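To start, the structure itself, in structure tokens.
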Amino acid sequence: MGTVWTADSIPDLSGRIAIVTGGNSGIGLEVARALVRKRAHVVLACRDEGRAGAALELIRSGIPGAAARFLPLDLARLQSVRDFAGAFFERFERLDILVNNAGVMVVPHGITEDGFEQQLGTNHLGHFALTGLLIDRLLASPGSRVVTVTSAAHRNASMDFDNLMFESGRGYSPFRAYAQSKLANLLFAQELQRRLEGTKTISLAAHPGGAATDLGRRASEQWIYRKLLPIFERLSQSPAEGARSIARAATDPFAVGGQCYGPGGFLGMRGAPVAVQPSQVANDEVAASRLWRVSEELTGVRFL
């Protein structure tokens, strides 16, 4: 049996530049903290400056000399994504690790200012645009990688290209829309890897399993979630434990492009991170290619 991977397995990251979207709380904060502890310079890409400031204080209080900073990013607004990329380009010549982590979960039907269903718009399209706008910095940094955070919920999804945005709320359910957005994350990660072949940049995916964070605070409004909550709580990990899969995908020198990492324990809900096999629907190259084209059209961002 191989050695169990822990946060201590992360190699020295001196000189590396990393971005963690949603790095101010939950899984994102724990990933950021793990990277900073190994001497990476981490940019917390978040909407709320106050919460980001509190996160930076927490990181610095526990890690003397921590190299971390905040740049504003609202993934639900394409103009904010462009502004973030511009600000990053002004400050940094390289980008070694991009962790596409931020997201919303099982929220009521809503539309972003760009006209996207808000879970797909935030969780997938915002990250698609962000990755595309930062691709030059990634390609200029040998050994760089993109890690896109998905969820086991993708196994219950399919891409409904005929009603991608749940027009006028048609067919909308918070869980269905969330699962579709998480499948989109995984299809994007796989297609990105195919398009990166021949470069020195790789794309991976990861999921945290069950983790006790505030991401699912709106899920408690759903009766089925309340019914299953006692079981979910028994299976869940802490945010720091849930962050291990993402941190491994972001730093393991033996990771291979196209891999997906998740907990290796019971039902993939908890345990040390291992390479896991996504569902068959996540390996649909035709759907992944179509999603890429649709994402380019919707965001106006074209790359690779």
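Here's how to read the names in the structure tokens: chain A, B, ... by the order shown, residue numbers from 1 in each chain, ligand numbers from 1 in the order shown.
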
Fewer than 5 positions away in the same chain doesn't count, so skip those; otherwise give me all residues within 9 Å of Phe70 in chain A, counting only C-alpha atoms, as a list in words.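 Those residues are Val42, Val43, Leu44, Ala45, Cys46, Glu49, Ala52, Gly53 and Leu56 of chain A.
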
Keeping N, CA and C atoms, export the residues of the selection given above as a CSV table (one decimal), in the first residue's frame.
```
chain,number,residue,atom,x,y,z
A,42,VAL,N,-0.1,33.4,-2.7
A,42,VAL,CA,-1.4,33.0,-3.1
A,42,VAL,C,-2.3,34.3,-3.2
A,43,VAL,N,-3.1,34.4,-4.3
A,43,VAL,CA,-4.0,35.4,-4.5
A,43,VAL,C,-5.4,34.9,-4.1
A,44,LEU,N,-6.1,35.5,-3.1
A,44,LEU,CA,-7.4,35.2,-2.8
A,44,LEU,C,-8.3,35.9,-3.8
A,45,ALA,N,-9.0,35.2,-4.6
A,45,ALA,CA,-9.9,35.9,-5.6
A,45,ALA,C,-11.4,35.7,-5.1
A,46,CYS,N,-11.9,36.8,-4.5
A,46,CYS,CA,-13.2,36.7,-3.9
A,46,CYS,C,-14.0,38.0,-4.1
A,49,GLU,N,-14.5,42.1,0.0
A,49,GLU,CA,-13.2,42.5,0.5
A,49,GLU,C,-13.1,42.3,2.0
A,52,ALA,N,-12.5,38.7,2.7
A,52,ALA,CA,-11.1,38.4,2.3
A,52,ALA,C,-10.1,38.9,3.3
A,53,GLY,N,-10.3,40.1,3.8
A,53,GLY,CA,-9.4,40.7,4.7
A,53,GLY,C,-9.3,39.8,6.0
A,56,LEU,N,-7.3,36.8,5.2
A,56,LEU,CA,-5.9,37.1,5.2
A,56,LEU,C,-5.3,37.2,6.6
```

Which residues come within 10 Å of Ala272 in chain A, counting only C-alpha atoms, excluding same-chain residues fewer than 2 positions away, as an MDAnalysis selection string? chainID A and resid 4:6 241:242 244:245 248 261:265 268 270 274

Residues of range 36-165 of chain A in strand (DSSP E or B) according to DSSP, as a ChimeraX atom specification? /A:41-46,68-72,97-100,111,117,145-149

Select, from A:Asn123, A:Gln118, A:Ser144, A:Thr201, the residue with the minimum atom-to-atom distance to Arg94 in chain A, counting only C-alpha atoms.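 Once distances to Arg94 in chain A are computed over only C-alpha atoms, the minimum belongs to A:Ser144.
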
Kindly provide the residues of range 12-110 of chain A that approach range 172-182 of chain A to within 7 Å, each paired with its closest atom pair and their distance in Å to one decimal, based on only C-alpha atoms, listed by chain and increasing number, as a tab-separated table.
```
residue	atom	partner	partner_atom	distance
A:Met105	CA	A:Tyr178	CA	5.9
A:Val106	CA	A:Pro174	CA	4.3
A:Val107	CA	A:Pro174	CA	5.6
A:Pro108	CA	A:Pro174	CA	5.9
A:His109	CA	A:Tyr172	CA	7.0
```

Could you pull out the helix (DSSP H, G or I) residues of range 6-234 of chain A, going by DSSP on the backbone, and write them as an MDAnalysis selection string? chainID A and resid 7:9 26:37 49:62 78:91 118:139 152:156 161:163 167:169 174:196 214:221 223:234

May I have the selected residues written with C-alpha atoms, as a short mmCIF file (atom, residue, chain, number, x, y, z; two decimals), in the first residue's frame?
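The result, written out as again_35.cif:
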```
data_model
loop_
_atom_site.label_atom_id
_atom_site.label_comp_id
_atom_site.auth_asym_id
_atom_site.auth_seq_id
_atom_site.Cartn_x
_atom_site.Cartn_y
_atom_site.Cartn_z
CA ALA A 7 -0.92 18.28 3.45
CA ASP A 8 2.63 17.58 4.59
CA SER A 9 3.16 15.84 1.23
CA GLY A 26 -14.45 26.91 3.55
CA ILE A 27 -12.54 24.64 1.21
CA GLY A 28 -10.96 27.57 -0.64
CA LEU A 29 -9.53 29.07 2.53
CA GLU A 30 -8.04 25.73 3.56
CA VAL A 31 -6.49 25.21 0.11
CA ALA A 32 -5.03 28.72 0.21
CA ARG A 33 -3.64 28.11 3.69
CA ALA A 34 -2.04 24.81 2.62
CA LEU A 35 -0.34 26.49 -0.36
CA VAL A 36 0.87 29.48 1.65
CA ARG A 37 2.27 27.17 4.32
CA GLU A 49 -13.23 42.51 0.54
CA GLY A 50 -14.16 42.39 4.23
CA ARG A 51 -14.33 38.59 4.32
CA ALA A 52 -11.13 38.36 2.28
CA GLY A 53 -9.40 40.67 4.75
CA ALA A 54 -10.51 38.47 7.64
CA ALA A 55 -9.22 35.41 5.79
CA LEU A 56 -5.85 37.08 5.19
CA GLU A 57 -5.57 37.92 8.89
CA LEU A 58 -6.34 34.30 9.77
CA ILE A 59 -3.72 33.00 7.33
CA ARG A 60 -1.06 35.45 8.52
CA SER A 61 -1.74 34.82 12.18
CA GLY A 62 -0.93 31.15 11.76
CA LEU A 78 -18.01 38.78 -16.75
CA GLN A 79 -16.80 42.37 -16.42
CA SER A 80 -15.48 41.56 -12.96
CA VAL A 81 -13.69 38.50 -14.39
CA ARG A 82 -12.03 40.70 -17.02
CA ASP A 83 -11.10 43.30 -14.41
CA PHE A 84 -9.54 40.63 -12.22
CA ALA A 85 -7.46 39.25 -15.10
CA GLY A 86 -6.27 42.75 -15.96
CA ALA A 87 -5.27 43.45 -12.35
CA PHE A 88 -3.45 40.12 -12.13
CA PHE A 89 -1.54 40.77 -15.36
CA GLU A 90 -0.37 44.13 -14.00
CA ARG A 91 1.09 42.52 -10.88
CA GLN A 118 -26.73 31.69 -11.79
CA GLN A 119 -25.34 28.27 -10.82
CA LEU A 120 -24.03 27.49 -14.31
CA GLY A 121 -22.99 31.12 -14.75
CA THR A 122 -21.00 31.26 -11.52
CA ASN A 123 -19.70 27.73 -11.18
CA HIS A 124 -18.78 27.06 -14.81
CA LEU A 125 -18.97 30.05 -17.15
CA GLY A 126 -17.19 32.43 -14.79
CA HIS A 127 -14.35 29.96 -14.36
CA PHE A 128 -14.23 29.21 -18.09
CA ALA A 129 -13.78 32.90 -18.83
CA LEU A 130 -11.26 33.35 -16.02
CA THR A 131 -9.11 30.45 -17.24
CA GLY A 132 -9.20 31.74 -20.79
CA LEU A 133 -8.22 35.25 -19.80
CA LEU A 134 -5.31 33.93 -17.71
CA ILE A 135 -4.12 31.26 -20.14
CA ASP A 136 -1.12 33.28 -21.37
CA ARG A 137 0.30 33.49 -17.85
CA LEU A 138 -0.28 29.77 -17.33
CA LEU A 139 1.39 28.79 -20.61
CA ALA A 152 -19.93 13.88 -6.78
CA ALA A 153 -23.30 15.47 -7.62
CA HIS A 154 -22.17 15.43 -11.27
CA ARG A 155 -23.08 11.73 -11.36
CA ASN A 156 -26.77 12.66 -11.23
CA PHE A 161 -28.17 21.93 -24.16
CA ASP A 162 -31.73 22.65 -25.30
CA ASN A 163 -32.55 24.28 -21.96
CA GLU A 167 -35.36 29.58 -19.52
CA SER A 168 -38.02 31.33 -17.44
CA GLY A 169 -37.41 28.74 -14.74
CA PRO A 174 -31.88 23.84 -7.36
CA PHE A 175 -30.28 20.40 -7.15
CA ARG A 176 -30.63 19.67 -10.86
CA ALA A 177 -29.06 23.00 -11.80
CA TYR A 178 -26.24 22.52 -9.30
CA ALA A 179 -25.50 19.01 -10.55
CA GLN A 180 -25.44 20.25 -14.15
CA SER A 181 -22.97 23.00 -13.22
CA LYS A 182 -20.70 20.45 -11.51
CA LEU A 183 -20.83 18.18 -14.55
CA ALA A 184 -19.92 21.22 -16.65
CA ASN A 185 -16.89 21.78 -14.38
CA LEU A 186 -15.69 18.24 -15.03
CA LEU A 187 -16.35 18.31 -18.77
CA PHE A 188 -14.44 21.60 -18.94
CA ALA A 189 -11.47 20.18 -17.03
CA GLN A 190 -11.29 17.19 -19.37
CA GLU A 191 -11.63 19.23 -22.55
CA LEU A 192 -9.09 21.75 -21.32
CA GLN A 193 -6.58 18.93 -20.83
CA ARG A 194 -7.14 17.71 -24.39
CA ARG A 195 -6.51 21.21 -25.71
CA LEU A 196 -3.39 21.61 -23.56
CA ASP A 214 -21.41 27.13 4.46
CA LEU A 215 -21.67 26.44 0.71
CA GLY A 216 -24.78 24.36 1.29
CA ARG A 217 -26.52 26.85 3.55
CA ARG A 218 -29.34 27.28 0.98
CA ALA A 219 -29.67 23.51 0.67
CA SER A 220 -31.19 23.44 4.16
CA GLU A 221 -34.26 25.09 2.65
CA TRP A 223 -36.98 19.29 2.49
CA ILE A 224 -35.01 16.36 1.09
CA TYR A 225 -31.75 17.91 2.28
CA ARG A 226 -33.17 18.34 5.79
CA LYS A 227 -34.29 14.71 5.77
CA LEU A 228 -30.85 13.46 4.74
CA LEU A 229 -28.85 15.94 6.84
CA PRO A 230 -28.19 13.58 9.79
CA ILE A 231 -26.68 11.00 7.42
CA PHE A 232 -24.71 13.65 5.54
CA GLU A 233 -23.28 15.05 8.76
CA ARG A 234 -22.04 11.63 9.85
#
```

Nearest to Gly258 in chain A: which of A:Ser289, A:Ser203, A:Thr150, A:Ser295 is it, counting only C-alpha atoms?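 So, comparing all the options, the nearest one is A:Ser203.
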
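Put simply, CA of Arg47 in chain A is 23.3 Å away from CA of Glu93 in chain A.
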
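Of note, CA of Ala206 in chain A and CA of Asn101 in chain A are spaced 9.5 Å apart.
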